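> Dropping in structure20.pdb, with PDB, C-alpha atoms, pLDDT in the B column.
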```pdb
ATOM      1  CA  MET A   1     -19.436 -47.307 -54.767  1.00 95.00           C
ATOM      2  CA  VAL A   2     -18.721 -44.614 -57.355  1.00 97.00           C
ATOM      3  CA  VAL A   3     -15.872 -42.193 -56.676  1.00 98.00           C
ATOM      4  CA  VAL A   4     -16.451 -38.537 -57.553  1.00 98.00           C
ATOM      5  CA  GLU A   5     -13.381 -36.341 -57.844  1.00 97.00           C
ATOM      6  CA  PHE A   6     -13.172 -32.588 -58.150  1.00 97.00           C
ATOM      7  CA  LEU A   7     -10.353 -31.301 -60.336  1.00 97.00           C
ATOM      8  CA  GLY A   8      -8.416 -28.033 -60.433  1.00 97.00           C
ATOM      9  CA  PRO A   9      -9.743 -25.120 -58.413  1.00 97.00           C
ATOM     10  CA  ILE A  10     -12.773 -26.822 -56.844  1.00 96.00           C
ATOM     11  CA  ALA A  11     -10.548 -27.663 -53.843  1.00 86.00           C
ATOM     12  CA  LYS A  12     -12.610 -30.495 -52.454  1.00 93.00           C
ATOM     13  CA  ASP A  13     -11.570 -34.035 -51.559  1.00 95.00           C
ATOM     14  CA  SER A  14     -12.987 -36.962 -53.538  1.00 97.00           C
ATOM     15  CA  ILE A  15     -16.166 -38.555 -52.225  1.00 97.00           C
ATOM     16  CA  GLU A  16     -17.757 -41.981 -52.615  1.00 97.00           C
ATOM     17  CA  LEU A  17     -21.404 -42.288 -53.553  1.00 97.00           C
ATOM     18  CA  ASP A  18     -23.693 -45.300 -53.592  1.00 97.00           C
ATOM     19  CA  VAL A  19     -25.285 -44.526 -56.974  1.00 97.00           C
ATOM     20  CA  SER A  20     -25.925 -46.317 -60.254  1.00 96.00           C
ATOM     21  CA  SER A  21     -26.359 -43.487 -62.745  1.00 96.00           C
ATOM     22  CA  LEU A  22     -24.984 -40.070 -63.627  1.00 96.00           C
ATOM     23  CA  ASP A  23     -28.408 -38.668 -62.894  1.00 95.00           C
ATOM     24  CA  GLU A  24     -28.137 -39.858 -59.292  1.00 96.00           C
ATOM     25  CA  VAL A  25     -24.652 -38.314 -59.041  1.00 97.00           C
ATOM     26  CA  SER A  26     -26.202 -35.000 -60.067  1.00 96.00           C
ATOM     27  CA  GLN A  27     -28.958 -35.336 -57.445  1.00 96.00           C
ATOM     28  CA  GLU A  28     -26.419 -36.084 -54.717  1.00 96.00           C
ATOM     29  CA  LEU A  29     -24.028 -33.271 -55.658  1.00 96.00           C
ATOM     30  CA  LYS A  30     -26.864 -30.739 -55.736  1.00 95.00           C
ATOM     31  CA  LYS A  31     -27.367 -31.336 -51.998  1.00 94.00           C
ATOM     32  CA  ASP A  32     -23.980 -29.681 -51.376  1.00 93.00           C
ATOM     33  CA  SER A  33     -24.465 -25.918 -51.639  1.00 90.00           C
ATOM     34  CA  GLU A  34     -20.723 -25.343 -52.222  1.00 88.00           C
ATOM     35  CA  LEU A  35     -20.817 -27.592 -55.281  1.00 91.00           C
ATOM     36  CA  ASN A  36     -24.038 -26.242 -56.711  1.00 89.00           C
ATOM     37  CA  GLU A  37     -22.376 -23.249 -58.372  1.00 90.00           C
ATOM     38  CA  TRP A  38     -19.739 -25.521 -59.961  1.00 96.00           C
ATOM     39  CA  LEU A  39     -22.188 -27.945 -61.570  1.00 96.00           C
ATOM     40  CA  GLU A  40     -23.307 -25.528 -64.279  1.00 95.00           C
ATOM     41  CA  LYS A  41     -19.667 -24.762 -65.212  1.00 96.00           C
ATOM     42  CA  CYS A  42     -18.139 -28.226 -65.105  1.00 97.00           C
ATOM     43  CA  ALA A  43     -17.607 -30.851 -67.765  1.00 97.00           C
ATOM     44  CA  VAL A  44     -17.833 -34.475 -66.672  1.00 97.00           C
ATOM     45  CA  ALA A  45     -15.552 -37.437 -67.320  1.00 98.00           C
ATOM     46  CA  ILE A  46     -16.196 -41.083 -66.478  1.00 98.00           C
ATOM     47  CA  ASN A  47     -12.993 -43.092 -66.046  1.00 98.00           C
ATOM     48  CA  ASP A  48     -11.099 -40.262 -67.812  1.00 97.00           C
ATOM     49  CA  GLU A  49     -13.419 -40.086 -70.849  1.00 96.00           C
ATOM     50  CA  ILE A  50     -15.369 -36.842 -71.183  1.00 96.00           C
ATOM     51  CA  VAL A  51     -19.073 -37.575 -71.619  1.00 96.00           C
ATOM     52  CA  MET A  52     -21.680 -35.466 -73.389  1.00 95.00           C
ATOM     53  CA  GLU A  53     -24.895 -37.111 -72.199  1.00 94.00           C
ATOM     54  CA  ARG A  54     -26.388 -37.691 -68.799  1.00 92.00           C
ATOM     55  CA  ASP A  55     -28.271 -40.907 -69.478  1.00 93.00           C
ATOM     56  CA  ILE A  56     -25.389 -43.154 -68.401  1.00 95.00           C
ATOM     57  CA  THR A  57     -25.416 -46.118 -66.043  1.00 96.00           C
ATOM     58  CA  LEU A  58     -22.568 -46.343 -63.553  1.00 97.00           C
ATOM     59  CA  GLN A  59     -20.998 -49.407 -61.989  1.00 96.00           C
ATOM     60  CA  SER A  60     -19.242 -49.802 -58.692  1.00 96.00           C
ATOM     61  CA  GLY A  61     -15.610 -48.718 -59.114  1.00 97.00           C
ATOM     62  CA  ASP A  62     -16.383 -46.111 -61.765  1.00 98.00           C
ATOM     63  CA  ARG A  63     -14.711 -42.746 -61.290  1.00 98.00           C
ATOM     64  CA  VAL A  64     -16.577 -39.557 -62.152  1.00 98.00           C
ATOM     65  CA  SER A  65     -14.475 -36.385 -62.529  1.00 98.00           C
ATOM     66  CA  LEU A  66     -15.709 -32.805 -62.584  1.00 98.00           C
ATOM     67  CA  LEU A  67     -13.636 -30.473 -64.773  1.00 98.00           C
ATOM     68  CA  PRO A  68     -14.109 -26.738 -64.185  1.00 98.00           C
ATOM     69  CA  PRO A  69     -13.434 -24.093 -66.886  1.00 98.00           C
ATOM     70  CA  VAL A  70      -9.904 -24.372 -68.261  1.00 98.00           C
ATOM     71  CA  CYS A  71      -7.182 -21.968 -69.340  1.00 97.00           C
ATOM     72  CA  GLY A  72      -3.993 -23.624 -70.486  1.00 94.00           C
ATOM     73  CA  GLY A  73      -1.131 -21.755 -72.074  1.00 93.00           C
TER
ATOM     74  CA  MET B   1       3.865 -34.296 -75.124  1.00 98.00           C
ATOM     75  CA  GLU B   2       6.158 -33.042 -72.371  1.00 98.00           C
ATOM     76  CA  LEU B   3       5.244 -31.614 -68.963  1.00 98.00           C
ATOM     77  CA  PHE B   4       7.756 -29.775 -66.781  1.00 98.00           C
ATOM     78  CA  ASN B   5       7.759 -28.493 -63.231  1.00 98.00           C
ATOM     79  CA  GLY B   6       8.090 -24.700 -63.475  1.00 98.00           C
ATOM     80  CA  ALA B   7       9.119 -22.615 -66.478  1.00 98.00           C
ATOM     81  CA  LEU B   8      10.040 -24.167 -69.825  1.00 98.00           C
ATOM     82  CA  ASP B   9      13.590 -24.063 -71.150  1.00 98.00           C
ATOM     83  CA  VAL B  10      12.380 -22.779 -74.514  1.00 98.00           C
ATOM     84  CA  PRO B  11      15.707 -22.760 -76.418  1.00 98.00           C
ATOM     85  CA  GLU B  12      16.447 -26.337 -75.300  1.00 98.00           C
ATOM     86  CA  ILE B  13      13.007 -27.620 -76.324  1.00 98.00           C
ATOM     87  CA  LEU B  14      12.903 -25.838 -79.698  1.00 98.00           C
ATOM     88  CA  LYS B  15      16.423 -26.936 -80.552  1.00 98.00           C
ATOM     89  CA  ARG B  16      15.680 -30.530 -79.583  1.00 98.00           C
ATOM     90  CA  TRP B  17      12.434 -30.641 -81.601  1.00 98.00           C
ATOM     91  CA  TYR B  18      14.173 -29.024 -84.580  1.00 98.00           C
ATOM     92  CA  ILE B  19      16.928 -31.632 -84.466  1.00 98.00           C
ATOM     93  CA  GLU B  20      14.440 -34.515 -83.933  1.00 98.00           C
ATOM     94  CA  GLU B  21      12.658 -33.664 -87.197  1.00 98.00           C
ATOM     95  CA  ALA B  22      15.631 -32.287 -89.148  1.00 97.00           C
ATOM     96  CA  GLU B  23      15.658 -35.227 -91.526  1.00 97.00           C
ATOM     97  CA  SER B  24      11.916 -36.023 -91.549  1.00 97.00           C
ATOM     98  CA  ASN B  25      11.429 -34.043 -94.778  1.00 97.00           C
ATOM     99  CA  TYR B  26       9.040 -31.467 -93.289  1.00 98.00           C
ATOM    100  CA  GLY B  27       9.272 -28.175 -95.126  1.00 97.00           C
ATOM    101  CA  ALA B  28       7.519 -26.177 -92.394  1.00 98.00           C
ATOM    102  CA  PHE B  29       7.999 -25.960 -88.613  1.00 98.00           C
ATOM    103  CA  ILE B  30       5.741 -23.514 -86.742  1.00 98.00           C
ATOM    104  CA  PRO B  31       6.086 -23.197 -82.960  1.00 98.00           C
ATOM    105  CA  PHE B  32       3.755 -21.128 -80.792  1.00 98.00           C
ATOM    106  CA  ILE B  33       5.302 -20.037 -77.481  1.00 98.00           C
ATOM    107  CA  GLY B  34       3.258 -18.679 -74.585  1.00 98.00           C
ATOM    108  CA  THR B  35       5.077 -16.297 -72.233  1.00 98.00           C
ATOM    109  CA  VAL B  36       3.816 -14.823 -68.954  1.00 98.00           C
ATOM    110  CA  ARG B  37       3.216 -11.068 -69.252  1.00 97.00           C
ATOM    111  CA  ASP B  38       3.613  -8.453 -66.549  1.00 97.00           C
ATOM    112  CA  GLU B  39       0.029  -7.218 -66.118  1.00 94.00           C
ATOM    113  CA  ASP B  40      -2.550  -6.615 -63.390  1.00 93.00           C
ATOM    114  CA  GLY B  41       0.118  -6.701 -60.683  1.00 95.00           C
ATOM    115  CA  ILE B  42       0.646 -10.474 -60.834  1.00 97.00           C
ATOM    116  CA  ASP B  43       3.955 -12.102 -59.839  1.00 97.00           C
ATOM    117  CA  GLY B  44       3.413 -14.956 -62.293  1.00 98.00           C
ATOM    118  CA  LEU B  45       1.023 -17.771 -63.130  1.00 98.00           C
ATOM    119  CA  SER B  46       0.547 -21.252 -61.751  1.00 98.00           C
ATOM    120  CA  PHE B  47      -0.938 -24.333 -63.412  1.00 98.00           C
ATOM    121  CA  ASP B  48      -2.719 -27.531 -62.421  1.00 98.00           C
ATOM    122  CA  ILE B  49      -2.918 -30.258 -65.065  1.00 98.00           C
ATOM    123  CA  TYR B  50      -5.061 -33.382 -65.157  1.00 98.00           C
ATOM    124  CA  GLU B  51      -2.673 -35.568 -67.092  1.00 98.00           C
ATOM    125  CA  PRO B  52      -4.807 -38.608 -68.095  1.00 98.00           C
ATOM    126  CA  ILE B  53      -7.301 -36.481 -70.043  1.00 97.00           C
ATOM    127  CA  LEU B  54      -4.611 -34.137 -71.401  1.00 98.00           C
ATOM    128  CA  GLU B  55      -2.830 -37.191 -72.788  1.00 98.00           C
ATOM    129  CA  LYS B  56      -6.031 -38.330 -74.556  1.00 97.00           C
ATOM    130  CA  TRP B  57      -6.691 -34.832 -75.872  1.00 97.00           C
ATOM    131  CA  PHE B  58      -3.139 -34.641 -77.233  1.00 98.00           C
ATOM    132  CA  ASN B  59      -3.320 -38.103 -78.812  1.00 98.00           C
ATOM    133  CA  SER B  60      -6.509 -37.090 -80.660  1.00 98.00           C
ATOM    134  CA  TRP B  61      -4.502 -34.196 -82.169  1.00 98.00           C
ATOM    135  CA  VAL B  62      -1.656 -36.519 -83.119  1.00 98.00           C
ATOM    136  CA  GLU B  63      -4.226 -38.457 -85.172  1.00 98.00           C
ATOM    137  CA  LYS B  64      -5.801 -35.331 -86.703  1.00 98.00           C
ATOM    138  CA  ALA B  65      -2.357 -34.064 -87.712  1.00 98.00           C
ATOM    139  CA  LYS B  66      -1.387 -37.455 -89.128  1.00 98.00           C
ATOM    140  CA  ASP B  67      -4.453 -37.385 -91.419  1.00 97.00           C
ATOM    141  CA  ARG B  68      -3.004 -34.176 -92.908  1.00 97.00           C
ATOM    142  CA  GLY B  69       0.561 -35.475 -93.177  1.00 98.00           C
ATOM    143  CA  ALA B  70       1.716 -33.385 -90.206  1.00 98.00           C
ATOM    144  CA  ILE B  71       2.884 -33.891 -86.627  1.00 98.00           C
ATOM    145  CA  VAL B  72       2.213 -31.886 -83.472  1.00 98.00           C
ATOM    146  CA  LYS B  73       4.304 -31.415 -80.350  1.00 98.00           C
ATOM    147  CA  LEU B  74       3.381 -29.888 -77.010  1.00 98.00           C
ATOM    148  CA  ALA B  75       5.265 -28.770 -73.911  1.00 98.00           C
ATOM    149  CA  HIS B  76       3.603 -27.234 -70.832  1.00 98.00           C
ATOM    150  CA  SER B  77       4.517 -26.196 -67.304  1.00 98.00           C
ATOM    151  CA  LYS B  78       3.075 -27.480 -64.039  1.00 98.00           C
ATOM    152  CA  GLY B  79       3.199 -25.283 -60.945  1.00 98.00           C
ATOM    153  CA  ASP B  80       4.576 -21.752 -60.857  1.00 98.00           C
ATOM    154  CA  VAL B  81       5.902 -19.787 -63.832  1.00 98.00           C
ATOM    155  CA  LEU B  82       7.117 -16.246 -63.182  1.00 98.00           C
ATOM    156  CA  LEU B  83       6.905 -13.065 -65.274  1.00 98.00           C
ATOM    157  CA  HIS B  84       8.625 -13.225 -68.665  1.00 98.00           C
ATOM    158  CA  GLU B  85       9.104 -16.979 -68.364  1.00 98.00           C
ATOM    159  CA  SER B  86       7.301 -19.349 -70.754  1.00 98.00           C
ATOM    160  CA  SER B  87       4.740 -21.974 -69.829  1.00 98.00           C
ATOM    161  CA  TYR B  88       3.562 -23.325 -73.166  1.00 98.00           C
ATOM    162  CA  ILE B  89       4.858 -24.438 -76.557  1.00 98.00           C
ATOM    163  CA  SER B  90       2.764 -25.996 -79.296  1.00 98.00           C
ATOM    164  CA  ALA B  91       4.362 -26.826 -82.603  1.00 98.00           C
ATOM    165  CA  VAL B  92       3.395 -28.244 -85.962  1.00 98.00           C
ATOM    166  CA  PHE B  93       5.663 -29.807 -88.560  1.00 98.00           C
ATOM    167  CA  SER B  94       4.234 -30.388 -92.032  1.00 98.00           C
ATOM    168  CA  PRO B  95       5.458 -30.924 -95.558  1.00 97.00           C
ATOM    169  CA  LYS B  96       4.150 -27.523 -96.738  1.00 94.00           C
ATOM    170  CA  ARG B  97       3.362 -24.214 -95.025  1.00 96.00           C
ATOM    171  CA  ARG B  98      -0.411 -24.054 -95.570  1.00 97.00           C
ATOM    172  CA  VAL B  99      -1.214 -27.135 -93.450  1.00 97.00           C
ATOM    173  CA  ALA B 100       1.139 -25.997 -90.676  1.00 97.00           C
ATOM    174  CA  LEU B 101      -0.335 -22.474 -90.596  1.00 98.00           C
ATOM    175  CA  GLU B 102      -3.902 -23.774 -90.410  1.00 98.00           C
ATOM    176  CA  LEU B 103      -3.139 -26.574 -87.976  1.00 98.00           C
ATOM    177  CA  ILE B 104      -1.240 -24.412 -85.481  1.00 98.00           C
ATOM    178  CA  ASP B 105      -4.262 -22.095 -85.263  1.00 98.00           C
ATOM    179  CA  GLU B 106      -6.722 -24.963 -84.679  1.00 98.00           C
ATOM    180  CA  PHE B 107      -4.359 -26.788 -82.316  1.00 98.00           C
ATOM    181  CA  VAL B 108      -3.728 -23.735 -80.096  1.00 98.00           C
ATOM    182  CA  GLU B 109      -7.396 -22.676 -80.033  1.00 97.00           C
ATOM    183  CA  ASP B 110      -8.632 -26.171 -79.153  1.00 97.00           C
ATOM    184  CA  PHE B 111      -5.917 -26.393 -76.506  1.00 97.00           C
ATOM    185  CA  LYS B 112      -7.236 -23.194 -74.927  1.00 95.00           C
ATOM    186  CA  ALA B 113     -10.816 -24.467 -75.036  1.00 95.00           C
ATOM    187  CA  ASN B 114     -10.493 -28.110 -74.028  1.00 95.00           C
ATOM    188  CA  ALA B 115      -7.117 -29.091 -72.536  1.00 97.00           C
ATOM    189  CA  PRO B 116      -7.654 -29.896 -68.820  1.00 98.00           C
ATOM    190  CA  ILE B 117      -5.318 -27.254 -67.423  1.00 98.00           C
ATOM    191  CA  TRP B 118      -6.254 -24.699 -64.768  1.00 98.00           C
ATOM    192  CA  LYS B 119      -4.531 -21.340 -64.487  1.00 98.00           C
ATOM    193  CA  TYR B 120      -4.029 -19.291 -61.337  1.00 98.00           C
ATOM    194  CA  ASP B 121      -2.623 -15.787 -60.926  1.00 98.00           C
ATOM    195  CA  LEU B 122       0.169 -15.535 -58.369  1.00 98.00           C
ATOM    196  CA  ILE B 123      -0.670 -12.522 -56.223  1.00 97.00           C
ATOM    197  CA  ASP B 124       1.073 -11.832 -52.884  1.00 94.00           C
ATOM    198  CA  GLY B 125       2.159 -15.458 -52.690  1.00 90.00           C
ATOM    199  CA  LYS B 126      -1.384 -16.793 -53.202  1.00 95.00           C
ATOM    200  CA  ARG B 127      -2.842 -18.739 -56.129  1.00 96.00           C
ATOM    201  CA  VAL B 128      -6.032 -17.100 -57.412  1.00 97.00           C
ATOM    202  CA  TYR B 129      -8.048 -19.097 -59.977  1.00 98.00           C
ATOM    203  CA  ALA B 130      -8.171 -17.153 -63.256  1.00 97.00           C
ATOM    204  CA  GLU B 131     -11.843 -17.929 -63.689  1.00 96.00           C
ATOM    205  CA  SER B 132     -12.744 -14.907 -65.811  1.00 96.00           C
ATOM    206  CA  ARG B 133     -10.132 -15.944 -68.414  1.00 96.00           C
ATOM    207  CA  SER B 134     -11.150 -19.616 -68.367  1.00 97.00           C
ATOM    208  CA  GLN B 135     -13.444 -21.408 -70.800  1.00 96.00           C
ATOM    209  CA  LYS B 136     -15.990 -24.114 -70.123  1.00 97.00           C
ATOM    210  CA  ILE B 137     -15.026 -27.426 -71.718  1.00 96.00           C
ATOM    211  CA  SER B 138     -17.446 -28.748 -74.382  1.00 92.00           C
ATOM    212  CA  GLY B 139     -20.314 -30.507 -72.644  1.00 93.00           C
ATOM    213  CA  SER B 140     -20.126 -28.489 -69.420  1.00 96.00           C
ATOM    214  CA  GLY B 141     -23.223 -28.248 -67.240  1.00 96.00           C
ATOM    215  CA  LEU B 142     -24.183 -31.897 -67.685  1.00 95.00           C
ATOM    216  CA  LEU B 143     -24.850 -32.400 -63.966  1.00 95.00           C
ATOM    217  CA  ASN B 144     -26.655 -29.104 -63.450  1.00 91.00           C
TER
END
```
Let me see whether you can do it: turn the structure in this file into structure tokens.


Amino acid sequence: MVVVEFLGPIAKDSIELDVSSLDEVSQELKKDSELNEWLEKCAVAINDEIVMERDITLQSGDRVSLLPPVCGG
Amino acid sequence: MELFNGALDVPEILKRWYIEEAESNYGAFIPFIGTVRDEDGIDGLSFDIYEPILEKWFNSWVEKAKDRGAIVKLAHSKGDVLLHESSYISAVFSPKRRVALELIDEFVEDFKANAPIWKYDLIDGKRVYAESRSQKISGSGLLN
């Protein structure tokens, strides 16, 4: 299982998905209408490394994080 | 990198950093301090931080600074920070002024754009995500 966590203001508990690629994560998250609006705004990290491409294979135990727009300072 | 619950004790941090590097032979020390302003009827700001990625972001800047003979330091608040209190200090130490002046600009701007920190306005005891003032991190929209 792959864990998907939602950081900052998304205010949603982590979920587990039975998926093997980032593309499948996207397909699953799009089924949730509350998340749909966040997907366009969020950066993505796998195991705490921000990724820039979607063509990535995932393994069981991987953690995918969604990072909404930021404003430190 | 230092994270604190609530407002920063700015004089303590600046003094400590100054003393830490007093004999490191840096000719320039430039701190940038971010203070919460009284505007739009807010009572203060509040912050969430995702520390594992912030740590990596900061370490990448330690390396960039090192390549230019400089060092960077960072302090930030977690949780609530009230009006006229400070939530953020970035600082650069370098042998000469030019590198420090350029680096502090790049360091602060990249912090604003990519550090995984979320800001909320404190209004009537509630935290309201400051979305209109927030920036998408590089690579956003990957799952859209």

> Excluding Trp57 of chain B and residues on its chain fewer than 3 positions from it, collect all residues at most 8 Å away from it, counting only C-alpha atoms, and give them as a PyMOL selection string.

chain B and resi 53-54+60-61+114-115

> If we count only C-alpha atoms, what is near Leu7 of chain A at a cut-off of 10 Å, once residues fewer than 6 positions away on the same chain are taken out, given as a list of chain:residue names?

A:Asp13, A:Ser14, A:Cys42, A:Ser65, A:Leu66, A:Leu67, A:Pro68, B:Asp48, B:Ile49, B:Tyr50, B:Pro116, B:Ile117, B:Trp118

> May I ask you to extract the residues of chain A within 6 Å of chain B, using all atoms listed in the file, and to give them as a ChimeraX atom specification?

/A:8,26,39-43,48,52,69-73

> Convert the output of the PyMOL selection byres ((chain B and resi 4) around 6) on the shown file into explicit residues, formatted as a ChimeraX atom specification.

/B:3,5,77-78

> Please measure the separation of atom CA of Leu74 of chain B and atom CA of Gly41 of chain B, giving the value in Å to one decimal.

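A separation of 28.5 Å between them.
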
> Could you check which of A:Val4, A:Val19, A:Ile10, A:Val25 is closest to Ser60 of chain A, using all atoms listed in the file?

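Closest to Ser60 of chain A, using all atoms listed in the file: A:Val19.
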
> What lies within 9 Å of Asp62 of chain A using only C-alpha atoms, ignoring chain neighbours under 2 positions off, as an NGL selection string?

:A and (1-4 or 46-47 or 58-60 or 64)

> Save out the residues we just selected, C-alpha atoms, as a PDB file, in the coordinates of the input.


```
ATOM      1  CA  MET A   1     -19.436 -47.307 -54.767  1.00 95.00           C
ATOM      2  CA  VAL A   2     -18.721 -44.614 -57.355  1.00 97.00           C
ATOM      3  CA  VAL A   3     -15.872 -42.193 -56.676  1.00 98.00           C
ATOM      4  CA  VAL A   4     -16.451 -38.537 -57.553  1.00 98.00           C
ATOM      5  CA  ILE A  46     -16.196 -41.083 -66.478  1.00 98.00           C
ATOM      6  CA  ASN A  47     -12.993 -43.092 -66.046  1.00 98.00           C
ATOM      7  CA  LEU A  58     -22.568 -46.343 -63.553  1.00 97.00           C
ATOM      8  CA  GLN A  59     -20.998 -49.407 -61.989  1.00 96.00           C
ATOM      9  CA  SER A  60     -19.242 -49.802 -58.692  1.00 96.00           C
ATOM     10  CA  VAL A  64     -16.577 -39.557 -62.152  1.00 98.00           C
TER      11      VAL A  64
END
```

> Between B:Phe107, B:Tyr18, B:Tyr26, B:Phe32, single out the one closest to Val62 of chain B, counting only C-alpha atoms.

B:Phe107

> Would you mind telling me which residue in B:Asp124, B:Glu55, B:Ala91, B:Ser46 lies nearest to Pro9 of chain A when using all atoms listed in the file?

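Of B:Asp124, B:Glu55, B:Ala91, B:Ser46, the one nearest Pro9 of chain A, counting all atoms listed in the file, is B:Ser46.
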
> Restore N, CA and C atoms in segment 102-123 of chain B and list the result as a PDB file, in the coordinates of the input.


```
ATOM      1  N   GLU B 102      -2.517 -23.521 -90.817  1.00 98.00           N
ATOM      2  CA  GLU B 102      -3.902 -23.774 -90.410  1.00 98.00           C
ATOM      3  C   GLU B 102      -3.956 -24.613 -89.142  1.00 98.00           C
ATOM      4  N   LEU B 103      -3.112 -25.636 -89.101  1.00 98.00           N
ATOM      5  CA  LEU B 103      -3.139 -26.574 -87.976  1.00 98.00           C
ATOM      6  C   LEU B 103      -2.697 -25.914 -86.669  1.00 98.00           C
ATOM      7  N   ILE B 104      -1.722 -25.026 -86.731  1.00 98.00           N
ATOM      8  CA  ILE B 104      -1.240 -24.412 -85.481  1.00 98.00           C
ATOM      9  C   ILE B 104      -2.365 -23.557 -84.884  1.00 98.00           C
ATOM     10  N   ASP B 105      -3.139 -22.911 -85.733  1.00 98.00           N
ATOM     11  CA  ASP B 105      -4.262 -22.095 -85.263  1.00 98.00           C
ATOM     12  C   ASP B 105      -5.310 -22.987 -84.574  1.00 98.00           C
ATOM     13  N   GLU B 106      -5.706 -24.061 -85.239  1.00 98.00           N
ATOM     14  CA  GLU B 106      -6.722 -24.963 -84.679  1.00 98.00           C
ATOM     15  C   GLU B 106      -6.225 -25.646 -83.407  1.00 98.00           C
ATOM     16  N   PHE B 107      -4.970 -26.056 -83.438  1.00 98.00           N
ATOM     17  CA  PHE B 107      -4.359 -26.788 -82.316  1.00 98.00           C
ATOM     18  C   PHE B 107      -4.294 -25.897 -81.065  1.00 98.00           C
ATOM     19  N   VAL B 108      -3.854 -24.654 -81.241  1.00 98.00           N
ATOM     20  CA  VAL B 108      -3.728 -23.735 -80.096  1.00 98.00           C
ATOM     21  C   VAL B 108      -5.111 -23.351 -79.572  1.00 98.00           C
ATOM     22  N   GLU B 109      -6.055 -23.080 -80.474  1.00 97.00           N
ATOM     23  CA  GLU B 109      -7.396 -22.676 -80.033  1.00 97.00           C
ATOM     24  C   GLU B 109      -8.104 -23.815 -79.306  1.00 97.00           C
ATOM     25  N   ASP B 110      -7.981 -25.034 -79.813  1.00 97.00           N
ATOM     26  CA  ASP B 110      -8.632 -26.171 -79.153  1.00 97.00           C
ATOM     27  C   ASP B 110      -7.953 -26.477 -77.812  1.00 97.00           C
ATOM     28  N   PHE B 111      -6.648 -26.239 -77.766  1.00 97.00           N
ATOM     29  CA  PHE B 111      -5.917 -26.393 -76.506  1.00 97.00           C
ATOM     30  C   PHE B 111      -6.505 -25.455 -75.450  1.00 97.00           C
ATOM     31  N   LYS B 112      -6.686 -24.198 -75.846  1.00 95.00           N
ATOM     32  CA  LYS B 112      -7.236 -23.194 -74.927  1.00 95.00           C
ATOM     33  C   LYS B 112      -8.629 -23.594 -74.448  1.00 95.00           C
ATOM     34  N   ALA B 113      -9.412 -24.185 -75.359  1.00 95.00           N
ATOM     35  CA  ALA B 113     -10.816 -24.467 -75.036  1.00 95.00           C
ATOM     36  C   ALA B 113     -11.023 -25.784 -74.300  1.00 95.00           C
ATOM     37  N   ASN B 114     -10.174 -26.763 -74.525  1.00 95.00           N
ATOM     38  CA  ASN B 114     -10.493 -28.110 -74.028  1.00 95.00           C
ATOM     39  C   ASN B 114      -9.398 -28.843 -73.262  1.00 95.00           C
ATOM     40  N   ALA B 115      -8.159 -28.373 -73.283  1.00 97.00           N
ATOM     41  CA  ALA B 115      -7.117 -29.091 -72.536  1.00 97.00           C
ATOM     42  C   ALA B 115      -7.357 -28.901 -71.030  1.00 97.00           C
ATOM     43  N   PRO B 116      -7.329 -29.991 -70.250  1.00 98.00           N
ATOM     44  CA  PRO B 116      -7.654 -29.896 -68.820  1.00 98.00           C
ATOM     45  C   PRO B 116      -6.507 -29.312 -67.996  1.00 98.00           C
ATOM     46  N   ILE B 117      -6.367 -27.990 -68.135  1.00 98.00           N
ATOM     47  CA  ILE B 117      -5.318 -27.254 -67.423  1.00 98.00           C
ATOM     48  C   ILE B 117      -5.982 -26.037 -66.770  1.00 98.00           C
ATOM     49  N   TRP B 118      -5.658 -25.826 -65.503  1.00 98.00           N
ATOM     50  CA  TRP B 118      -6.254 -24.699 -64.768  1.00 98.00           C
ATOM     51  C   TRP B 118      -5.179 -23.698 -64.414  1.00 98.00           C
ATOM     52  N   LYS B 119      -5.503 -22.425 -64.674  1.00 98.00           N
ATOM     53  CA  LYS B 119      -4.531 -21.340 -64.487  1.00 98.00           C
ATOM     54  C   LYS B 119      -4.897 -20.508 -63.256  1.00 98.00           C
ATOM     55  N   TYR B 120      -3.858 -20.144 -62.517  1.00 98.00           N
ATOM     56  CA  TYR B 120      -4.029 -19.291 -61.337  1.00 98.00           C
ATOM     57  C   TYR B 120      -3.083 -18.109 -61.472  1.00 98.00           C
ATOM     58  N   ASP B 121      -3.527 -16.932 -61.045  1.00 98.00           N
ATOM     59  CA  ASP B 121      -2.623 -15.787 -60.926  1.00 98.00           C
ATOM     60  C   ASP B 121      -1.877 -15.916 -59.607  1.00 98.00           C
ATOM     61  N   LEU B 122      -0.593 -15.588 -59.618  1.00 98.00           N
ATOM     62  CA  LEU B 122       0.169 -15.535 -58.369  1.00 98.00           C
ATOM     63  C   LEU B 122       0.153 -14.088 -57.887  1.00 98.00           C
ATOM     64  N   ILE B 123      -0.536 -13.872 -56.772  1.00 97.00           N
ATOM     65  CA  ILE B 123      -0.670 -12.522 -56.223  1.00 97.00           C
ATOM     66  C   ILE B 123      -0.350 -12.577 -54.731  1.00 97.00           C
TER      67      ILE B 123
END
```
